[in-house]
>>> print(open('start_21.pdb').read())   # PDB, C-alpha atoms and all ligand atoms
ATOM      1  CA  MET A   1     -41.155 100.978 200.952
ATOM      2  CA  THR A   2     -41.052 101.569 204.722
ATOM      3  CA  LYS A   3     -43.593 104.063 206.066
ATOM      4  CA  ILE A   4     -42.372 106.116 209.034
ATOM      5  CA  GLN A   5     -45.563 107.917 210.042
ATOM      6  CA  GLY A   6     -47.264 106.470 213.139
ATOM      7  CA  LYS A   7     -44.564 103.846 213.746
ATOM      8  CA  THR A   8     -42.515 102.925 216.806
ATOM      9  CA  ALA A   9     -38.733 102.937 216.227
ATOM     10  CA  LEU A  10     -35.651 102.122 218.278
ATOM     11  CA  VAL A  11     -32.412 103.904 217.346
ATOM     12  CA  THR A  12     -29.044 102.900 218.840
ATOM     13  CA  GLY A  13     -26.199 105.402 219.055
ATOM     14  CA  ALA A  14     -28.860 108.106 219.293
ATOM     15  CA  SER A  15     -27.048 110.339 221.796
ATOM     16  CA  ARG A  16     -24.681 111.866 219.221
ATOM     17  CA  GLY A  17     -23.690 112.064 215.556
ATOM     18  CA  ILE A  18     -25.538 110.111 212.884
ATOM     19  CA  GLY A  19     -27.845 108.257 215.322
ATOM     20  CA  ARG A  20     -28.983 111.526 216.888
ATOM     21  CA  ALA A  21     -29.590 113.037 213.429
ATOM     22  CA  ILE A  22     -31.646 109.970 212.435
ATOM     23  CA  ALA A  23     -33.774 110.239 215.606
ATOM     24  CA  LEU A  24     -34.451 113.933 214.885
ATOM     25  CA  GLU A  25     -35.255 113.211 211.224
ATOM     26  CA  LEU A  26     -37.730 110.496 212.260
ATOM     27  CA  ALA A  27     -39.424 113.081 214.493
ATOM     28  CA  HIS A  28     -39.724 115.382 211.450
ATOM     29  CA  HIS A  29     -41.546 112.506 209.669
ATOM     30  CA  GLN A  30     -44.298 111.979 212.273
ATOM     31  CA  ILE A  31     -42.928 108.895 213.965
ATOM     32  CA  LYS A  32     -45.255 107.985 216.847
ATOM     33  CA  ARG A  33     -42.802 106.643 219.431
ATOM     34  CA  LEU A  34     -38.999 106.695 219.626
ATOM     35  CA  LEU A  35     -36.828 104.570 221.895
ATOM     36  CA  ILE A  36     -33.341 106.034 221.963
ATOM     37  CA  VAL A  37     -30.324 103.984 223.065
ATOM     38  CA  ALA A  38     -26.746 104.909 224.062
ATOM     39  CA  ARG A  39     -24.693 104.755 227.273
ATOM     40  CA  ASP A  40     -24.920 108.410 228.325
ATOM     41  CA  PRO A  41     -28.347 109.189 229.884
ATOM     42  CA  HIS A  42     -27.692 112.951 230.013
ATOM     43  CA  ARG A  43     -27.019 113.233 226.299
ATOM     44  CA  LEU A  44     -30.051 111.036 225.599
ATOM     45  CA  ALA A  45     -32.175 113.400 227.720
ATOM     46  CA  MET A  46     -30.905 116.327 225.626
ATOM     47  CA  VAL A  47     -31.848 114.517 222.410
ATOM     48  CA  ALA A  48     -35.278 113.724 223.891
ATOM     49  CA  GLN A  49     -35.740 117.448 224.515
ATOM     50  CA  GLU A  50     -34.726 118.257 220.922
ATOM     51  CA  ILE A  51     -37.265 115.709 219.641
ATOM     52  CA  ASN A  52     -39.908 117.262 221.837
ATOM     53  CA  ASN A  53     -39.095 120.691 220.356
ATOM     54  CA  ILE A  54     -39.568 119.292 216.828
ATOM     55  CA  ASP A  55     -42.834 117.467 217.569
ATOM     56  CA  PRO A  56     -44.313 117.318 221.077
ATOM     57  CA  GLN A  57     -46.607 114.456 219.927
ATOM     58  CA  VAL A  58     -43.657 112.055 219.627
ATOM     59  CA  GLU A  59     -43.352 109.854 222.698
ATOM     60  CA  VAL A  60     -39.664 109.464 223.567
ATOM     61  CA  ILE A  61     -38.301 106.675 225.763
ATOM     62  CA  ILE A  62     -34.694 106.876 226.926
ATOM     63  CA  LEU A  63     -32.859 103.547 227.213
ATOM     64  CA  PRO A  64     -29.364 104.037 228.630
ATOM     65  CA  LEU A  65     -27.576 100.819 227.669
ATOM     66  CA  ASP A  66     -24.116  99.497 226.928
ATOM     67  CA  LEU A  67     -24.719  97.336 223.864
ATOM     68  CA  THR A  68     -21.641  95.241 224.594
ATOM     69  CA  GLN A  69     -23.383  93.833 227.714
ATOM     70  CA  PRO A  70     -25.748  91.120 226.375
ATOM     71  CA  ILE A  71     -27.525  90.341 229.676
ATOM     72  CA  ALA A  72     -28.425  94.002 230.306
ATOM     73  CA  VAL A  73     -29.517  94.377 226.677
ATOM     74  CA  ASN A  74     -31.671  91.244 226.911
ATOM     75  CA  ILE A  75     -33.477  92.520 230.021
ATOM     76  CA  ALA A  76     -33.919  96.065 228.656
ATOM     77  CA  ILE A  77     -35.294  94.966 225.264
ATOM     78  CA  ALA A  78     -37.745  92.496 226.836
ATOM     79  CA  LYS A  79     -39.053  95.273 229.096
ATOM     80  CA  ALA A  80     -39.107  97.898 226.318
ATOM     81  CA  TRP A  81     -41.052  95.586 223.997
ATOM     82  CA  ARG A  82     -43.535  94.708 226.757
ATOM     83  CA  ASP A  83     -44.071  98.345 227.770
ATOM     84  CA  HIS A  84     -43.822 100.125 224.392
ATOM     85  CA  GLY A  85     -43.944  97.483 221.657
ATOM     86  CA  PRO A  86     -44.422  96.324 219.046
ATOM     87  CA  ILE A  87     -41.343  98.084 217.644
ATOM     88  CA  GLU A  88     -41.545  98.147 213.850
ATOM     89  CA  LEU A  89     -38.251  99.878 212.992
ATOM     90  CA  LEU A  90     -34.807  99.071 214.444
ATOM     91  CA  ILE A  91     -31.895 101.303 213.468
ATOM     92  CA  ASN A  92     -28.535  99.858 214.513
ATOM     93  CA  CYS A  93     -26.272 102.901 214.447
ATOM     94  CA  ALA A  94     -24.003 102.682 217.536
ATOM     95  CA  GLY A  95     -20.398 102.190 216.513
ATOM     96  CA  VAL A  96     -16.788 102.910 217.326
ATOM     97  CA  ALA A  97     -13.722 103.371 215.090
ATOM     98  CA  HIS A  98      -9.991 103.228 215.754
ATOM     99  CA  GLN A  99      -7.578 104.504 213.159
ATOM    100  CA  THR A 100      -4.110 103.059 213.344
ATOM    101  CA  PRO A 101      -1.428 101.650 211.046
ATOM    102  CA  PHE A 102      -1.972  97.885 211.197
ATOM    103  CA  LEU A 103       1.573  97.175 212.440
ATOM    104  CA  LYS A 104       0.871  99.359 215.473
ATOM    105  CA  SER A 105      -2.657  98.110 216.087
ATOM    106  CA  GLN A 106      -3.756  96.914 219.538
ATOM    107  CA  LEU A 107      -5.860  93.878 220.358
ATOM    108  CA  SER A 108      -7.909  95.901 222.892
ATOM    109  CA  GLN A 109      -9.035  98.338 220.167
ATOM    110  CA  VAL A 110     -10.024  95.524 217.798
ATOM    111  CA  ARG A 111     -11.979  93.876 220.611
ATOM    112  CA  GLU A 112     -13.821  97.142 221.257
ATOM    113  CA  GLU A 113     -14.742  97.528 217.572
ATOM    114  CA  MET A 114     -15.854  93.919 217.201
ATOM    115  CA  SER A 115     -17.815  93.812 220.454
ATOM    116  CA  LEU A 116     -19.838  96.925 219.657
ATOM    117  CA  ASN A 117     -19.975  97.182 215.841
ATOM    118  CA  PHE A 118     -20.644  93.515 215.203
ATOM    119  CA  MET A 119     -21.456  91.559 218.391
ATOM    120  CA  GLY A 120     -23.486  94.449 219.859
ATOM    121  CA  MET A 121     -25.468  94.685 216.635
ATOM    122  CA  TYR A 122     -25.957  90.915 216.586
ATOM    123  CA  THR A 123     -27.246  90.861 220.189
ATOM    124  CA  ILE A 124     -29.931  93.506 219.821
ATOM    125  CA  THR A 125     -30.912  92.395 216.301
ATOM    126  CA  ARG A 126     -31.521  88.827 217.458
ATOM    127  CA  LEU A 127     -33.700  90.004 220.340
ATOM    128  CA  MET A 128     -35.702  92.349 218.142
ATOM    129  CA  ALA A 129     -35.958  90.130 215.042
ATOM    130  CA  ARG A 130     -37.457  87.250 217.048
ATOM    131  CA  ARG A 131     -40.201  89.551 218.285
ATOM    132  CA  MET A 132     -40.715  91.156 214.863
ATOM    133  CA  ALA A 133     -40.995  87.665 213.347
ATOM    134  CA  THR A 134     -43.840  86.817 215.744
ATOM    135  CA  HIS A 135     -45.629  89.979 214.603
ATOM    136  CA  LYS A 136     -44.741  89.275 210.936
ATOM    137  CA  LYS A 137     -43.691  92.896 210.514
ATOM    138  CA  GLY A 138     -40.552  95.020 210.773
ATOM    139  CA  THR A 139     -37.641  96.871 209.227
ATOM    140  CA  ILE A 140     -34.054  96.607 210.437
ATOM    141  CA  VAL A 141     -31.449  99.147 209.304
ATOM    142  CA  ASN A 142     -27.808  98.256 209.910
ATOM    143  CA  VAL A 143     -25.381 101.153 209.654
ATOM    144  CA  SER A 144     -22.269  99.943 207.840
ATOM    145  CA  SER A 145     -20.057 102.417 205.976
ATOM    146  CA  LEU A 146     -18.498 103.074 202.595
ATOM    147  CA  MET A 147     -15.585 101.325 204.384
ATOM    148  CA  GLY A 148     -17.768  98.201 204.360
ATOM    149  CA  LYS A 149     -17.235  98.147 200.575
ATOM    150  CA  VAL A 150     -13.917  99.916 200.117
ATOM    151  CA  ALA A 151     -11.335  99.195 202.810
ATOM    152  CA  ALA A 152      -8.844 101.987 203.374
ATOM    153  CA  PRO A 153      -5.317 101.848 204.834
ATOM    154  CA  THR A 154      -5.166 102.633 208.594
ATOM    155  CA  MET A 155      -8.777 101.426 209.054
ATOM    156  CA  SER A 156      -8.295  97.657 208.608
ATOM    157  CA  THR A 157     -10.065  96.429 211.736
ATOM    158  CA  TYR A 158     -12.877  98.988 211.571
ATOM    159  CA  SER A 159     -13.370  98.112 207.875
ATOM    160  CA  ALA A 160     -13.479  94.424 208.824
ATOM    161  CA  THR A 161     -16.429  95.091 211.158
ATOM    162  CA  LYS A 162     -18.213  97.115 208.475
ATOM    163  CA  PHE A 163     -17.668  94.388 205.816
ATOM    164  CA  ALA A 164     -19.038  91.901 208.378
ATOM    165  CA  ILE A 165     -22.156  94.047 208.824
ATOM    166  CA  LEU A 166     -22.849  93.956 205.070
ATOM    167  CA  GLY A 167     -22.565  90.154 204.983
ATOM    168  CA  PHE A 168     -24.772  89.850 208.056
ATOM    169  CA  THR A 169     -27.326  92.215 206.508
ATOM    170  CA  GLN A 170     -27.425  90.413 203.156
ATOM    171  CA  ALA A 171     -27.933  87.004 204.808
ATOM    172  CA  LEU A 172     -30.684  88.294 207.117
ATOM    173  CA  ARG A 173     -32.458  90.000 204.188
ATOM    174  CA  GLY A 174     -33.173  86.620 202.621
ATOM    175  CA  GLU A 175     -33.756  84.772 205.875
ATOM    176  CA  LEU A 176     -36.195  87.229 207.425
ATOM    177  CA  ALA A 177     -38.140  88.060 204.246
ATOM    178  CA  PRO A 178     -40.682  85.231 204.869
ATOM    179  CA  TYR A 179     -41.509  86.968 208.184
ATOM    180  CA  ASN A 180     -42.178  90.273 206.375
ATOM    181  CA  ILE A 181     -39.042  91.815 207.900
ATOM    182  CA  LYS A 182     -36.986  94.058 205.610
ATOM    183  CA  VAL A 183     -33.272  94.316 206.305
ATOM    184  CA  VAL A 184     -31.475  97.377 204.962
ATOM    185  CA  ALA A 185     -27.855  98.574 205.007
ATOM    186  CA  LEU A 186     -26.968 102.253 205.314
ATOM    187  CA  LEU A 187     -23.489 103.159 204.040
ATOM    188  CA  PRO A 188     -22.467 106.676 205.016
ATOM    189  CA  THR A 189     -19.238 108.170 203.747
ATOM    190  CA  LEU A 190     -17.027 110.407 205.926
ATOM    191  CA  THR A 191     -19.437 112.344 208.172
ATOM    192  CA  ASP A 192     -18.694 115.230 210.493
ATOM    193  CA  THR A 193     -19.268 113.716 213.991
ATOM    194  CA  ASP A 194     -17.380 113.080 217.250
ATOM    195  CA  MET A 195     -16.112 109.844 215.670
ATOM    196  CA  THR A 196     -14.264 111.613 212.877
ATOM    197  CA  LYS A 197     -12.866 114.352 215.169
ATOM    198  CA  SER A 198     -10.415 111.765 216.471
ATOM    199  CA  LEU A 199      -9.451 110.526 212.976
ATOM    200  CA  LYS A 200      -6.869 111.979 210.607
ATOM    201  CA  ASN A 201      -8.656 113.043 207.441
ATOM    202  CA  PHE A 202      -8.239 111.132 204.221
ATOM    203  CA  ARG A 203      -6.848 113.512 201.609
ATOM    204  CA  GLY A 204      -9.442 114.768 199.145
ATOM    205  CA  VAL A 205     -12.450 113.348 201.025
ATOM    206  CA  MET A 206     -15.005 115.992 201.998
ATOM    207  CA  PRO A 207     -17.030 115.167 205.136
ATOM    208  CA  MET A 208     -20.799 115.490 204.935
ATOM    209  CA  SER A 209     -23.246 116.419 207.675
ATOM    210  CA  ALA A 210     -25.052 113.855 209.853
ATOM    211  CA  GLU A 211     -28.341 115.542 208.860
ATOM    212  CA  LYS A 212     -27.692 114.724 205.170
ATOM    213  CA  VAL A 213     -27.030 111.073 206.097
ATOM    214  CA  ALA A 214     -30.318 110.938 208.039
ATOM    215  CA  GLN A 215     -32.212 112.488 205.104
ATOM    216  CA  ALA A 216     -30.642 109.945 202.714
ATOM    217  CA  LEU A 217     -31.832 107.140 205.006
ATOM    218  CA  ILE A 218     -35.454 108.342 205.028
ATOM    219  CA  SER A 219     -35.393 108.853 201.263
ATOM    220  CA  GLY A 220     -33.891 105.354 200.748
ATOM    221  CA  LEU A 221     -36.519 103.766 203.017
ATOM    222  CA  ASN A 222     -39.284 105.581 201.109
ATOM    223  CA  LYS A 223     -37.896 104.193 197.837
ATOM    224  CA  GLY A 224     -37.678 100.662 199.268
ATOM    225  CA  LYS A 225     -33.882 100.426 198.763
ATOM    226  CA  SER A 226     -32.034  97.561 200.427
ATOM    227  CA  GLU A 227     -28.608  99.272 200.317
ATOM    228  CA  ILE A 228     -28.418 103.005 200.815
ATOM    229  CA  LEU A 229     -25.108 104.528 199.686
ATOM    230  CA  VAL A 230     -24.768 108.122 200.844
ATOM    231  CA  GLY A 231     -23.145 110.858 198.749
ATOM    232  CA  TRP A 232     -21.629 111.033 195.267
ATOM    233  CA  GLN A 233     -18.140 110.168 196.561
ATOM    234  CA  SER A 234     -19.453 106.783 197.718
ATOM    235  CA  HIS A 235     -21.095 106.021 194.377
ATOM    236  CA  LEU A 236     -17.887 107.015 192.575
ATOM    237  CA  ALA A 237     -15.706 104.870 194.861
ATOM    238  CA  VAL A 238     -17.931 101.790 194.468
ATOM    239  CA  TRP A 239     -18.043 102.177 190.674
ATOM    240  CA  CYS A 240     -14.278 102.660 190.544
ATOM    241  CA  GLN A 241     -13.845  99.493 192.639
ATOM    242  CA  ARG A 242     -15.995  97.539 190.161
ATOM    243  CA  LEU A 243     -14.491  98.922 186.954
ATOM    244  CA  ALA A 244     -10.872  99.698 187.858
ATOM    245  CA  PRO A 245      -9.895  98.263 191.268
ATOM    246  CA  TRP A 246      -6.192  98.925 190.582
ATOM    247  CA  LEU A 247      -6.981 102.653 190.197
ATOM    248  CA  LEU A 248      -8.913 102.713 193.462
ATOM    249  CA  ASP A 249      -5.975 101.043 195.283
ATOM    250  CA  LYS A 250      -3.694 103.822 193.975
ATOM    251  CA  ILE A 251      -6.139 106.558 195.022
ATOM    252  CA  LEU A 252      -6.475 105.023 198.506
ATOM    253  CA  LEU A 253      -2.683 104.994 198.913
ATOM    254  CA  ILE A 254      -2.479 108.670 197.948
ATOM    255  CA  ALA A 255      -5.385 109.545 200.261
ATOM    256  CA  ASN A 256      -3.875 107.567 203.177
ATOM    257  CA  PRO A 257      -3.595 110.137 205.980
ATOM    258  CA  LEU A 258      -0.801 108.313 207.811
ATOM    259  CA  THR A 259       1.529 107.643 204.858
ATOM    260  CA  GLU A 260       4.611 108.996 206.649
ATOM    261  CA  THR A 261       4.033 107.398 210.078
ATOM    262  CA  SER A 262       2.886 104.080 208.615
ATOM    263  CA  LYS A 263       6.317 103.746 206.912
ATOM    264  CA  THR A 264       8.108 103.906 210.257
TER     265      THR A 264
HETATM  266  N1  LIG J   1     -18.802 109.490 211.069
HETATM  267  C1  LIG J   1     -18.478 108.866 209.944
HETATM  268  O1  LIG J   1     -17.673 109.355 209.126
HETATM  269  C2  LIG J   1     -19.112 107.545 209.611
HETATM  270  C3  LIG J   1     -19.012 107.082 208.286
HETATM  271  C4  LIG J   1     -19.575 105.859 207.957
HETATM  272  C5  LIG J   1     -20.253 105.116 208.921
HETATM  273  N2  LIG J   1     -20.336 105.593 210.210
HETATM  274  C6  LIG J   1     -21.043 104.758 211.183
HETATM  275  O2  LIG J   1     -22.142 105.483 211.691
HETATM  276  C7  LIG J   1     -22.420 105.086 213.030
HETATM  277  C8  LIG J   1     -22.484 106.318 213.931
HETATM  278  O3  LIG J   1     -21.226 106.971 213.861
HETATM  279  P1  LIG J   1     -21.025 108.474 214.385
HETATM  280  O4  LIG J   1     -20.026 109.097 213.498
HETATM  281  O5  LIG J   1     -22.338 109.106 214.600
HETATM  282  O6  LIG J   1     -20.298 108.156 215.780
HETATM  283  P2  LIG J   1     -20.292 108.992 217.148
HETATM  284  O7  LIG J   1     -20.586 110.414 216.898
HETATM  285  O8  LIG J   1     -19.020 108.633 217.814
HETATM  286  O9  LIG J   1     -21.528 108.328 217.942
HETATM  287  C9  LIG J   1     -21.457 106.995 218.350
HETATM  288  C10 LIG J   1     -22.754 106.638 219.058
HETATM  289  O10 LIG J   1     -22.653 105.291 219.529
HETATM  290  C11 LIG J   1     -22.939 105.262 220.936
HETATM  291  N3  LIG J   1     -22.161 104.210 221.583
HETATM  292  C12 LIG J   1     -20.816 104.069 221.618
HETATM  293  N4  LIG J   1     -20.475 102.991 222.328
HETATM  294  C13 LIG J   1     -21.638 102.418 222.748
HETATM  295  C14 LIG J   1     -21.947 101.271 223.533
HETATM  296  N5  LIG J   1     -20.979 100.467 224.020
HETATM  297  N6  LIG J   1     -23.239 100.990 223.788
HETATM  298  C15 LIG J   1     -24.222 101.791 223.310
HETATM  299  N7  LIG J   1     -23.999 102.875 222.555
HETATM  300  C16 LIG J   1     -22.711 103.184 222.289
HETATM  301  C17 LIG J   1     -22.506 106.658 221.429
HETATM  302  O11 LIG J   1     -23.164 107.050 222.619
HETATM  303  P3  LIG J   1     -22.541 106.875 224.099
HETATM  304  O12 LIG J   1     -21.117 107.294 224.034
HETATM  305  O13 LIG J   1     -23.413 107.761 224.942
HETATM  306  O14 LIG J   1     -22.721 105.441 224.437
HETATM  307  C18 LIG J   1     -23.002 107.525 220.282
HETATM  308  O15 LIG J   1     -24.372 107.775 220.425
HETATM  309  C19 LIG J   1     -21.300 104.107 213.414
HETATM  310  O16 LIG J   1     -21.769 102.788 213.253
HETATM  311  C20 LIG J   1     -20.206 104.401 212.406
HETATM  312  O17 LIG J   1     -19.381 103.309 212.174
HETATM  313  C21 LIG J   1     -19.795 106.792 210.573
END
>>> encode(input="start_21.pdb", output="C-alpha cells")
Amino acid sequence: MTKIQGKTALVTGASRGIGRAIALELAHHQIKRLLIVARDPHRLAMVAQEINNIDPQVEVIILPLDLTQPIAVNIAIAKAWRDHGPIELLINCAGVAHQTPFLKSQLSQVREEMSLNFMGMYTITRLMARRMATHKKGTIVNVSSLMGKVAAPTMSTYSATKFAILGFTQALRGELAPYNIKVVALLPTLTDTDMTKSLKNFRGVMPMSAEKVAQALISGLNKGKSEILVGWQSHLAVWCQRLAPWLLDKILLIANPLTETSKT
C-alpha cells in the first residue's frame, strides 16, 4: 500500500489529460508537495491554480521540461530534488500517440513516440530511482495502456512503446524491491483527452473520463496493486486475450477504425 497523505510527488504530463487529473486527485488526498512537469508553463500554471483551489496547503512547483532532452532533465531533477526532495512518488504519465496504418507510418512519428514514451520515461526514472534508492523509499508509477497488453491495428508503434513500458516496469519491480521502491503500472483504456481527440475511435469502445482513471490509480495504490487495469472493458479484453485470443483478434479487426483506408 502506498500512502499519499503528507508525501511529495512528481507527475509528468501534468498540464493536460490524465496527468492533470492525477495531480488534482493527489491534491484531494492531502499530498504535501506536488512537482508538475510538462513543456507548456502556462498550462502548468493553470493546473497549479486548480490545485490551489482544491487545497491551498499543497505546495506546487512547476517544472517546465521537455522530457526528450536528457541534459535538461538531468539538471532540473538534480535541482528539484535538492530544493524540494526527497520525492517519494514519481508518476510517469507524459506520452504521445500516432494512429496510422502501418504501411503509411512515418519514421519521424515512431521516433517521437519512442523518445518520449520510452526513452523519456527511462531518463527521468533513472534519475529519480537512484535518489530513491539512497533514501530506501519510493513508489514509481509508469502509465502504460490497455494497448500495452492488447495491440490494436493502426496503433502498432504506440502499442510497441506501451508493451515496452510493461516489460520495463516488471523488471524494475524486482530489481528495486530491495531498495524499498515499489514499481507500478497503470493501464488506462480509451480516455477522453486531447490525445484521443486526434484519433479515430475504435468501434464499440466507450471512452472514460480522466478523473475516473485518476481515481482508479489512487484506489489501486491504496490496495497495493502492482498493475492497475482501468475499466471493465480492459478486464474483459485481457481475459478474452488469455482465454480466446483468436476471438479478440476478430473483435479488433471489426473495431479497427481505419478498415477502409488501411486496405488502400
Ligand atoms: N487518452 C487515452 O485514451 C489513453 C489511454 C491509455 C493510456 N494513455 C496514456 O496516458 C498518458 C497521458 O495521456 P493523455 O491522454 O492524458 O495525453 P494528453 O492529453 O495528450 O497529454 C499528454 C501530456 O504529456 C505532456 N507532454 C507531451 N510531450 C511532452 C514532452 N516532450 N515532454 C514533457 N511532457 C510532454 C503534455 O504536455 P505539454 O504538451 O505541455 O508538454 C501533456 O501534459 C500517456 O502516456 C498515454 O499514452 C492514454
>>> residues_near_ligand(input="start_21.pdb", ligand="ligand LIG 1 (chain J)", cutoff="8 Å", atoms="all atoms listed in the file", output="number ranges by chain")
A: 12-20, 37-41, 43-44, 64-69, 92-97, 116-117, 120, 143-147, 158, 162, 187-196, 207, 210
>>> residues_around(input="start_21.pdb", residues="Leu26 in chain A", least_positions_apart="5", cutoff="10 Å", atoms="all atoms listed in the file", output="PyMOL selection string")
chain A and resi 4-5+7+9+11+20-21+31-34+51+58+214-215+217-218
>>> residues_around(input="start_21.pdb", residues="range 126-134 of chain A", least_positions_apart="4", cutoff="9 Å", atoms="all atoms listed in the file", output="ChimeraX atom specification")
/A:73-74,77-78,81,86-88,90,121-122,138-140,176,178-181
>>> atom_distance(input="start_21.pdb", atom1="CA of Asn222 in chain A", atom2="CA of Met1 in chain A")
5.0 Å
>>> atom_distance(input="start_21.pdb", atom1="CA of Leu89 in chain A", atom2="CA of Val150 in chain A")
27.5 Å
>>> atom_distance(input="start_21.pdb", atom1="CA of Ala27 in chain A", atom2="CA of Leu10 in chain A")
12.2 Å
>>> closest_atom_pairs(input="start_21.pdb", of="range 126-218 of chain A", to="range 100-105 of chain A", cutoff="9 Å", atoms="all atoms listed in the file", output="JSON lines")
{"residue": "A:Pro153", "atom": "CA", "partner": "A:Pro101", "partner_atom": "CA", "distance": 7.3}
{"residue": "A:Thr154", "atom": "CA", "partner": "A:Pro101", "partner_atom": "CA", "distance": 4.6}
{"residue": "A:Met155", "atom": "CA", "partner": "A:Thr100", "partner_atom": "CA", "distance": 6.5}
{"residue": "A:Ser156", "atom": "CA", "partner": "A:Phe102", "partner_atom": "CA", "distance": 6.8}
{"residue": "A:Thr157", "atom": "CA", "partner": "A:Phe102", "partner_atom": "CA", "distance": 8.2}
>>> residues_around(input="start_21.pdb", residues="range 240-243 of chain A", least_positions_apart="6", cutoff="10 Å", atoms="all atoms listed in the file", output="list in words")
Lys149, Val150, Ser234 and Asp249 of chain A
>>> axis_aligned_box(input="start_21.pdb", around="range 80-97 of chain A", padding_each_side="5 Å", output="AutoDock Vina command-line options")
--center_x -29.1 --center_y 99.0 --center_z 220.4 --size_x 40.7 --size_y 18.7 --size_z 24.8
